[in-house]
>>> print(open('run_37.txt').read())   # compact mmCIF, C-alpha atoms
# COMPACT_ATOMS: atom_id res chain seq x y z
CA MET A 58 14.48 -1.22 -3.62
CA LYS A 59 11.50 -3.03 -5.14
CA ILE A 60 8.16 -1.79 -3.81
CA GLY A 61 4.62 -3.01 -4.38
CA PHE A 62 2.04 -0.27 -3.78
CA ILE A 63 -1.67 -1.02 -3.43
CA GLY A 64 -4.11 1.87 -3.25
CA LEU A 65 -3.19 4.67 -5.66
CA GLY A 66 -5.91 7.21 -4.94
CA ASN A 67 -5.55 10.77 -3.68
CA MET A 68 -2.99 9.85 -1.02
CA GLY A 69 -1.34 6.69 -2.36
CA GLY A 70 -0.85 7.90 -5.93
CA PRO A 71 1.47 10.79 -5.05
CA MET A 72 3.31 8.63 -2.51
CA ALA A 73 3.98 5.92 -5.11
CA ALA A 74 5.04 8.51 -7.69
CA ASN A 75 7.51 10.05 -5.23
CA LEU A 76 9.02 6.63 -4.49
CA ALA A 77 9.47 6.04 -8.23
CA LYS A 78 11.03 9.50 -8.66
CA ALA A 79 13.46 8.65 -5.86
CA GLY A 80 14.72 5.74 -7.97
CA HIS A 81 12.81 2.81 -6.48
CA GLU A 82 11.25 0.15 -8.69
CA VAL A 83 7.52 0.54 -7.95
CA ALA A 84 4.73 -1.73 -9.15
CA GLY A 85 1.23 -0.52 -8.38
CA PHE A 86 -2.31 -1.81 -8.28
CA ASP A 87 -5.65 -0.05 -7.82
CA LEU A 88 -9.10 -1.02 -9.01
CA PHE A 89 -10.04 2.51 -10.07
CA ALA A 90 -7.27 5.12 -9.79
CA PRO A 91 -4.96 5.90 -12.71
CA MET A 92 -1.37 4.69 -12.58
CA PRO A 93 1.02 7.44 -11.42
CA GLU A 94 3.96 8.38 -13.60
CA GLY A 95 6.90 6.02 -13.14
CA VAL A 96 4.83 3.27 -11.52
CA ALA A 97 4.51 -0.05 -13.39
CA LYS A 98 0.93 -1.32 -13.60
CA ALA A 99 0.34 -4.74 -12.05
CA ALA A 100 -2.62 -6.93 -13.01
CA SER A 101 -3.40 -7.71 -9.35
CA ALA A 102 -2.36 -6.79 -5.84
CA ALA A 103 -0.50 -10.11 -5.55
CA GLU A 104 1.41 -9.37 -8.75
CA ALA A 105 2.36 -5.91 -7.46
CA VAL A 106 4.04 -7.37 -4.37
CA ALA A 107 5.61 -10.49 -5.91
CA GLY A 108 9.35 -10.24 -5.28
CA ALA A 109 9.00 -6.87 -3.53
CA ASP A 110 11.17 -5.88 -0.59
CA VAL A 111 8.29 -3.77 0.74
CA ALA A 112 4.54 -3.81 0.16
CA ILE A 113 2.73 -0.57 0.98
CA THR A 114 -1.04 -0.37 1.31
CA MET A 115 -3.05 2.87 1.36
CA LEU A 116 -6.65 1.69 1.53
CA PRO A 117 -9.94 3.35 2.52
CA ASN A 118 -11.23 0.98 5.22
CA GLY A 119 -10.47 -2.04 7.35
CA ALA A 120 -12.58 -4.51 5.36
CA ILE A 121 -10.70 -3.71 2.16
CA LEU A 122 -7.36 -3.82 3.99
CA ARG A 123 -8.14 -7.29 5.37
CA SER A 124 -9.21 -8.52 1.93
CA VAL A 125 -6.06 -7.19 0.28
CA ALA A 126 -3.88 -8.67 3.05
CA ASP A 127 -5.45 -12.08 2.37
CA GLU A 128 -4.28 -11.72 -1.23
CA ILE A 129 -0.82 -10.23 -0.79
CA VAL A 130 0.58 -11.87 2.35
CA PRO A 131 0.84 -15.31 0.66
CA ALA A 132 2.46 -13.67 -2.40
CA MET A 133 5.25 -12.02 -0.39
CA ALA A 134 8.62 -13.56 0.43
CA ALA A 135 9.60 -14.14 4.06
CA GLY A 136 11.64 -11.21 5.32
CA ALA A 137 9.81 -8.62 3.22
CA VAL A 138 8.02 -5.77 4.98
CA PHE A 139 4.27 -5.11 4.87
CA CYS A 140 3.81 -1.40 5.56
CA ASP A 141 0.19 -0.40 5.99
CA CYS A 142 -0.47 3.33 5.64
CA SER A 143 -4.27 3.00 5.69
CA THR A 144 -6.05 4.89 8.43
CA VAL A 145 -8.36 2.11 9.62
CA ASP A 146 -9.82 0.67 12.80
CA VAL A 147 -7.37 -0.71 15.36
CA ALA A 148 -8.73 -4.27 15.11
CA SER A 149 -8.07 -4.43 11.35
CA ALA A 150 -4.58 -2.93 11.69
CA ARG A 151 -3.68 -5.46 14.41
CA ALA A 152 -5.17 -8.41 12.51
CA VAL A 153 -3.18 -7.62 9.38
CA ALA A 154 0.04 -7.10 11.36
CA GLU A 155 -0.47 -10.46 13.11
CA GLN A 156 -1.19 -12.14 9.76
CA ALA A 157 2.02 -10.73 8.28
CA ASP A 158 4.08 -11.64 11.35
CA ALA A 159 2.78 -15.23 11.32
CA THR A 160 4.20 -15.74 7.81
CA GLY A 161 7.65 -14.29 8.48
CA LEU A 162 6.99 -10.80 7.17
CA GLY A 163 7.90 -7.61 8.94
CA ALA A 164 4.80 -5.60 9.79
CA LEU A 165 4.72 -1.83 10.03
CA ASP A 166 1.60 0.17 10.89
CA ALA A 167 2.13 3.70 9.59
CA PRO A 168 -1.32 5.30 9.20
CA VAL A 169 -1.57 8.51 7.24
CA SER A 170 -4.04 11.10 8.45
CA GLY A 171 -5.35 13.98 6.46
CA GLY A 172 -6.35 14.13 2.85
CA ILE A 173 -5.98 16.14 -0.26
CA GLY A 174 -5.85 19.91 0.02
CA VAL A 175 -9.02 21.85 -0.65
CA LEU A 176 -8.88 25.46 -1.72
CA ARG A 177 -11.39 27.66 0.02
CA PRO A 178 -12.48 31.01 -1.32
CA ALA A 179 -11.08 34.07 0.44
CA ARG A 180 -13.45 35.74 2.83
>>> encode(input="run_37.txt", output="structure tokens")
Amino acid sequence: MKIGFIGLGNMGGPMAANLAKAGHEVAGFDLFAPMPEGVAKAASAAEAVAGADVAITMLPNGAILRSVADEIVPAMAAGAVFCDCSTVDVASARAVAEQADATGLGALDAPVSGGIGVLRPAR
């Protein structure tokens, strides 16, 4: 399966790496985070999702999600799936799902809650 992954920080990076390790072809894009092992670096979010069966976003807030959706939805082929794993406000999640649906994409809202583990000193 060909996957475009946007948002490769503390949560998205390991997710993208695990998808690549599982044998999927993963192209990734992030403005700041390093590229995980096995993930091909794309020059833009639109390039990451071009020709992908699934686009996965793991972004820090609704404004960024909406901006990225404006870039990637037109770059995706009808029938592909836009899976948003960002934990964002309901209005942004719904707006992006409606935008994807209106262009013939499948839309999946799959927010991830939590974060990276933090070691605390023993008491």
>>> atom_distance(input="run_37.txt", atom1="atom CA of A:Gly61", atom2="atom CA of A:Glu155")
19.7 Å
>>> closest_residue(input="run_37.txt", among="A:Val111, A:Val106, A:Val125, A:Pro71", to="A:Leu88", atoms="all atoms listed in the file")
A:Val125
>>> atom_distance(input="run_37.txt", atom1="atom CA of A:Glu94", atom2="atom CA of A:Ala150")
29.0 Å
>>> residues_around(input="run_37.txt", residues="A:Ala137", least_positions_apart="6", cutoff="7 Å", atoms="all atoms listed in the file", output="number ranges by chain")
A: 110-111, 162-163
>>> residues_around(input="run_37.txt", residues="A:Cys142", least_positions_apart="2", cutoff="6 Å", atoms="only C-alpha atoms", output="list of chain:residue names")
A:Thr114, A:Met115, A:Ala167, A:Pro168, A:Val169
>>> closest_residue(input="run_37.txt", among="A:Ala109, A:Arg123, A:Ala99, A:Ile60", to="A:Asn75", atoms="only C-alpha atoms")
A:Ile60
>>> atom_distance(input="run_37.txt", atom1="atom CA of A:Ala157", atom2="atom CA of A:Gly95")
27.6 Å
>>> closest_residue(input="run_37.txt", among="A:Glu104, A:Glu82, A:Asp127, A:Asp158", to="A:Lys59", atoms="all atoms listed in the file")
A:Glu82
>>> decode(input="run_37.txt", residues="stretch 85-132 of chain A", atoms="N, CA and C atoms", output="PDB file, in the first residue's frame")
ATOM      1  N   GLY A  85       6.923  10.774   3.303  1.00  0.00           N
ATOM      2  CA  GLY A  85       6.605  11.650   4.417  1.00  0.00           C
ATOM      3  C   GLY A  85       6.978  13.090   4.167  1.00  0.00           C
ATOM      4  N   PHE A  86       6.282  13.966   4.909  1.00  0.00           N
ATOM      5  CA  PHE A  86       6.605  15.385   4.865  1.00  0.00           C
ATOM      6  C   PHE A  86       6.390  15.993   6.237  1.00  0.00           C
ATOM      7  N   ASP A  87       7.346  16.833   6.644  1.00  0.00           N
ATOM      8  CA  ASP A  87       7.248  17.597   7.886  1.00  0.00           C
ATOM      9  C   ASP A  87       8.164  18.805   7.727  1.00  0.00           C
ATOM     10  N   LEU A  88       7.722  19.934   8.219  1.00  0.00           N
ATOM     11  CA  LEU A  88       8.541  21.139   8.096  1.00  0.00           C
ATOM     12  C   LEU A  88       9.787  21.092   8.969  1.00  0.00           C
ATOM     13  N   PHE A  89       9.735  20.372  10.099  1.00  0.00           N
ATOM     14  CA  PHE A  89      10.832  20.427  11.057  1.00  0.00           C
ATOM     15  C   PHE A  89      11.399  19.072  11.469  1.00  0.00           C
ATOM     16  N   ALA A  90      10.577  18.069  11.617  1.00  0.00           N
ATOM     17  CA  ALA A  90      11.019  16.784  12.168  1.00  0.00           C
ATOM     18  C   ALA A  90      11.896  16.032  11.170  1.00  0.00           C
ATOM     19  N   PRO A  91      12.824  15.241  11.688  1.00  0.00           N
ATOM     20  CA  PRO A  91      13.662  14.418  10.803  1.00  0.00           C
ATOM     21  C   PRO A  91      12.837  13.292  10.170  1.00  0.00           C
ATOM     22  N   MET A  92      13.305  12.808   9.049  1.00  0.00           N
ATOM     23  CA  MET A  92      12.623  11.731   8.342  1.00  0.00           C
ATOM     24  C   MET A  92      12.926  10.405   9.043  1.00  0.00           C
ATOM     25  N   PRO A  93      11.885   9.656   9.405  1.00  0.00           N
ATOM     26  CA  PRO A  93      12.093   8.360  10.047  1.00  0.00           C
ATOM     27  C   PRO A  93      12.728   7.357   9.080  1.00  0.00           C
ATOM     28  N   GLU A  94      13.386   6.385   9.623  1.00  0.00           N
ATOM     29  CA  GLU A  94      14.010   5.341   8.817  1.00  0.00           C
ATOM     30  C   GLU A  94      12.959   4.630   7.970  1.00  0.00           C
ATOM     31  N   GLY A  95      13.266   4.455   6.693  1.00  0.00           N
ATOM     32  CA  GLY A  95      12.376   3.740   5.789  1.00  0.00           C
ATOM     33  C   GLY A  95      11.323   4.600   5.123  1.00  0.00           C
ATOM     34  N   VAL A  96      11.258   5.874   5.501  1.00  0.00           N
ATOM     35  CA  VAL A  96      10.259   6.786   4.943  1.00  0.00           C
ATOM     36  C   VAL A  96      10.948   7.691   3.919  1.00  0.00           C
ATOM     37  N   ALA A  97      10.398   7.730   2.692  1.00  0.00           N
ATOM     38  CA  ALA A  97      10.955   8.574   1.639  1.00  0.00           C
ATOM     39  C   ALA A  97      10.559  10.031   1.888  1.00  0.00           C
ATOM     40  N   LYS A  98      11.511  10.930   1.748  1.00  0.00           N
ATOM     41  CA  LYS A  98      11.255  12.352   1.996  1.00  0.00           C
ATOM     42  C   LYS A  98      10.598  12.989   0.778  1.00  0.00           C
ATOM     43  N   ALA A  99       9.457  13.627   1.001  1.00  0.00           N
ATOM     44  CA  ALA A  99       8.768  14.372  -0.050  1.00  0.00           C
ATOM     45  C   ALA A  99       9.087  15.850   0.099  1.00  0.00           C
ATOM     46  N   ALA A 100       9.069  16.583  -0.999  1.00  0.00           N
ATOM     47  CA  ALA A 100       9.378  18.006  -0.982  1.00  0.00           C
ATOM     48  C   ALA A 100       8.213  18.853  -0.475  1.00  0.00           C
ATOM     49  N   SER A 101       7.009  18.273  -0.457  1.00  0.00           N
ATOM     50  CA  SER A 101       5.825  18.997   0.005  1.00  0.00           C
ATOM     51  C   SER A 101       4.794  17.988   0.482  1.00  0.00           C
ATOM     52  N   ALA A 102       3.787  18.487   1.175  1.00  0.00           N
ATOM     53  CA  ALA A 102       2.700  17.605   1.608  1.00  0.00           C
ATOM     54  C   ALA A 102       1.973  17.039   0.399  1.00  0.00           C
ATOM     55  N   ALA A 103       1.747  17.871  -0.629  1.00  0.00           N
ATOM     56  CA  ALA A 103       1.067  17.405  -1.840  1.00  0.00           C
ATOM     57  C   ALA A 103       1.863  16.309  -2.529  1.00  0.00           C
ATOM     58  N   GLU A 104       3.172  16.449  -2.563  1.00  0.00           N
ATOM     59  CA  GLU A 104       4.012  15.410  -3.174  1.00  0.00           C
ATOM     60  C   GLU A 104       3.941  14.109  -2.376  1.00  0.00           C
ATOM     61  N   ALA A 105       3.866  14.213  -1.068  1.00  0.00           N
ATOM     62  CA  ALA A 105       3.810  13.011  -0.220  1.00  0.00           C
ATOM     63  C   ALA A 105       2.567  12.177  -0.510  1.00  0.00           C
ATOM     64  N   VAL A 106       1.457  12.825  -0.834  1.00  0.00           N
ATOM     65  CA  VAL A 106       0.198  12.095  -1.025  1.00  0.00           C
ATOM     66  C   VAL A 106      -0.119  11.792  -2.483  1.00  0.00           C
ATOM     67  N   ALA A 107       0.645  12.338  -3.417  1.00  0.00           N
ATOM     68  CA  ALA A 107       0.378  12.102  -4.835  1.00  0.00           C
ATOM     69  C   ALA A 107       0.455  10.607  -5.140  1.00  0.00           C
ATOM     70  N   GLY A 108      -0.622  10.047  -5.639  1.00  0.00           N
ATOM     71  CA  GLY A 108      -0.670   8.623  -5.974  1.00  0.00           C
ATOM     72  C   GLY A 108      -0.838   7.696  -4.786  1.00  0.00           C
ATOM     73  N   ALA A 109      -1.012   8.247  -3.595  1.00  0.00           N
ATOM     74  CA  ALA A 109      -1.144   7.419  -2.388  1.00  0.00           C
ATOM     75  C   ALA A 109      -2.538   6.820  -2.278  1.00  0.00           C
ATOM     76  N   ASP A 110      -2.599   5.625  -1.721  1.00  0.00           N
ATOM     77  CA  ASP A 110      -3.879   4.988  -1.402  1.00  0.00           C
ATOM     78  C   ASP A 110      -4.481   5.620  -0.158  1.00  0.00           C
ATOM     79  N   VAL A 111      -3.591   6.025   0.754  1.00  0.00           N
ATOM     80  CA  VAL A 111      -4.001   6.611   2.033  1.00  0.00           C
ATOM     81  C   VAL A 111      -3.088   7.784   2.357  1.00  0.00           C
ATOM     82  N   ALA A 112      -3.686   8.873   2.818  1.00  0.00           N
ATOM     83  CA  ALA A 112      -2.928   9.996   3.365  1.00  0.00           C
ATOM     84  C   ALA A 112      -3.233  10.042   4.853  1.00  0.00           C
ATOM     85  N   ILE A 113      -2.189  10.104   5.667  1.00  0.00           N
ATOM     86  CA  ILE A 113      -2.357  10.179   7.117  1.00  0.00           C
ATOM     87  C   ILE A 113      -1.769  11.500   7.587  1.00  0.00           C
ATOM     88  N   THR A 114      -2.548  12.228   8.389  1.00  0.00           N
ATOM     89  CA  THR A 114      -2.053  13.462   8.987  1.00  0.00           C
ATOM     90  C   THR A 114      -2.001  13.300  10.501  1.00  0.00           C
ATOM     91  N   MET A 115      -0.921  13.816  11.085  1.00  0.00           N
ATOM     92  CA  MET A 115      -0.732  13.827  12.540  1.00  0.00           C
ATOM     93  C   MET A 115      -0.183  15.214  12.863  1.00  0.00           C
ATOM     94  N   LEU A 116      -1.123  16.166  13.031  1.00  0.00           N
ATOM     95  CA  LEU A 116      -0.752  17.570  13.123  1.00  0.00           C
ATOM     96  C   LEU A 116      -1.141  18.171  14.469  1.00  0.00           C
ATOM     97  N   PRO A 117      -0.486  19.270  14.879  1.00  0.00           N
ATOM     98  CA  PRO A 117      -0.651  19.774  16.246  1.00  0.00           C
ATOM     99  C   PRO A 117      -1.892  20.611  16.534  1.00  0.00           C
ATOM    100  N   ASN A 118      -2.561  21.134  15.486  1.00  0.00           N
ATOM    101  CA  ASN A 118      -3.758  21.932  15.776  1.00  0.00           C
ATOM    102  C   ASN A 118      -4.655  22.024  14.548  1.00  0.00           C
ATOM    103  N   GLY A 119      -5.864  22.504  14.766  1.00  0.00           N
ATOM    104  CA  GLY A 119      -6.856  22.561  13.708  1.00  0.00           C
ATOM    105  C   GLY A 119      -6.503  23.499  12.573  1.00  0.00           C
ATOM    106  N   ALA A 120      -5.876  24.629  12.869  1.00  0.00           N
ATOM    107  CA  ALA A 120      -5.501  25.573  11.813  1.00  0.00           C
ATOM    108  C   ALA A 120      -4.498  24.947  10.850  1.00  0.00           C
ATOM    109  N   ILE A 121      -3.521  24.246  11.399  1.00  0.00           N
ATOM    110  CA  ILE A 121      -2.527  23.584  10.542  1.00  0.00           C
ATOM    111  C   ILE A 121      -3.186  22.451   9.767  1.00  0.00           C
ATOM    112  N   LEU A 122      -4.058  21.686  10.409  1.00  0.00           N
ATOM    113  CA  LEU A 122      -4.766  20.615   9.711  1.00  0.00           C
ATOM    114  C   LEU A 122      -5.547  21.164   8.522  1.00  0.00           C
ATOM    115  N   ARG A 123      -6.286  22.235   8.723  1.00  0.00           N
ATOM    116  CA  ARG A 123      -7.079  22.824   7.640  1.00  0.00           C
ATOM    117  C   ARG A 123      -6.176  23.301   6.497  1.00  0.00           C
ATOM    118  N   SER A 124      -5.054  23.912   6.838  1.00  0.00           N
ATOM    119  CA  SER A 124      -4.118  24.385   5.826  1.00  0.00           C
ATOM    120  C   SER A 124      -3.538  23.223   5.015  1.00  0.00           C
ATOM    121  N   VAL A 125      -3.144  22.169   5.702  1.00  0.00           N
ATOM    122  CA  VAL A 125      -2.600  20.994   5.023  1.00  0.00           C
ATOM    123  C   VAL A 125      -3.677  20.336   4.162  1.00  0.00           C
ATOM    124  N   ALA A 126      -4.894  20.244   4.662  1.00  0.00           N
ATOM    125  CA  ALA A 126      -5.989  19.656   3.876  1.00  0.00           C
ATOM    126  C   ALA A 126      -6.191  20.439   2.585  1.00  0.00           C
ATOM    127  N   ASP A 127      -6.108  21.767   2.655  1.00  0.00           N
ATOM    128  CA  ASP A 127      -6.247  22.583   1.444  1.00  0.00           C
ATOM    129  C   ASP A 127      -5.187  22.229   0.410  1.00  0.00           C
ATOM    130  N   GLU A 128      -4.026  21.804   0.868  1.00  0.00           N
ATOM    131  CA  GLU A 128      -2.939  21.434  -0.045  1.00  0.00           C
ATOM    132  C   GLU A 128      -3.069  20.002  -0.548  1.00  0.00           C
ATOM    133  N   ILE A 129      -3.425  19.071   0.321  1.00  0.00           N
ATOM    134  CA  ILE A 129      -3.367  17.666  -0.089  1.00  0.00           C
ATOM    135  C   ILE A 129      -4.640  17.131  -0.731  1.00  0.00           C
ATOM    136  N   VAL A 130      -5.800  17.623  -0.343  1.00  0.00           N
ATOM    137  CA  VAL A 130      -7.040  17.092  -0.916  1.00  0.00           C
ATOM    138  C   VAL A 130      -7.034  17.206  -2.442  1.00  0.00           C
ATOM    139  N   PRO A 131      -6.657  18.341  -3.031  1.00  0.00           N
ATOM    140  CA  PRO A 131      -6.634  18.405  -4.494  1.00  0.00           C
ATOM    141  C   PRO A 131      -5.575  17.500  -5.133  1.00  0.00           C
ATOM    142  N   ALA A 132      -4.562  17.117  -4.379  1.00  0.00           N
ATOM    143  CA  ALA A 132      -3.481  16.281  -4.912  1.00  0.00           C
ATOM    144  C   ALA A 132      -3.796  14.788  -4.846  1.00  0.00           C
TER     145      ALA A 132
END
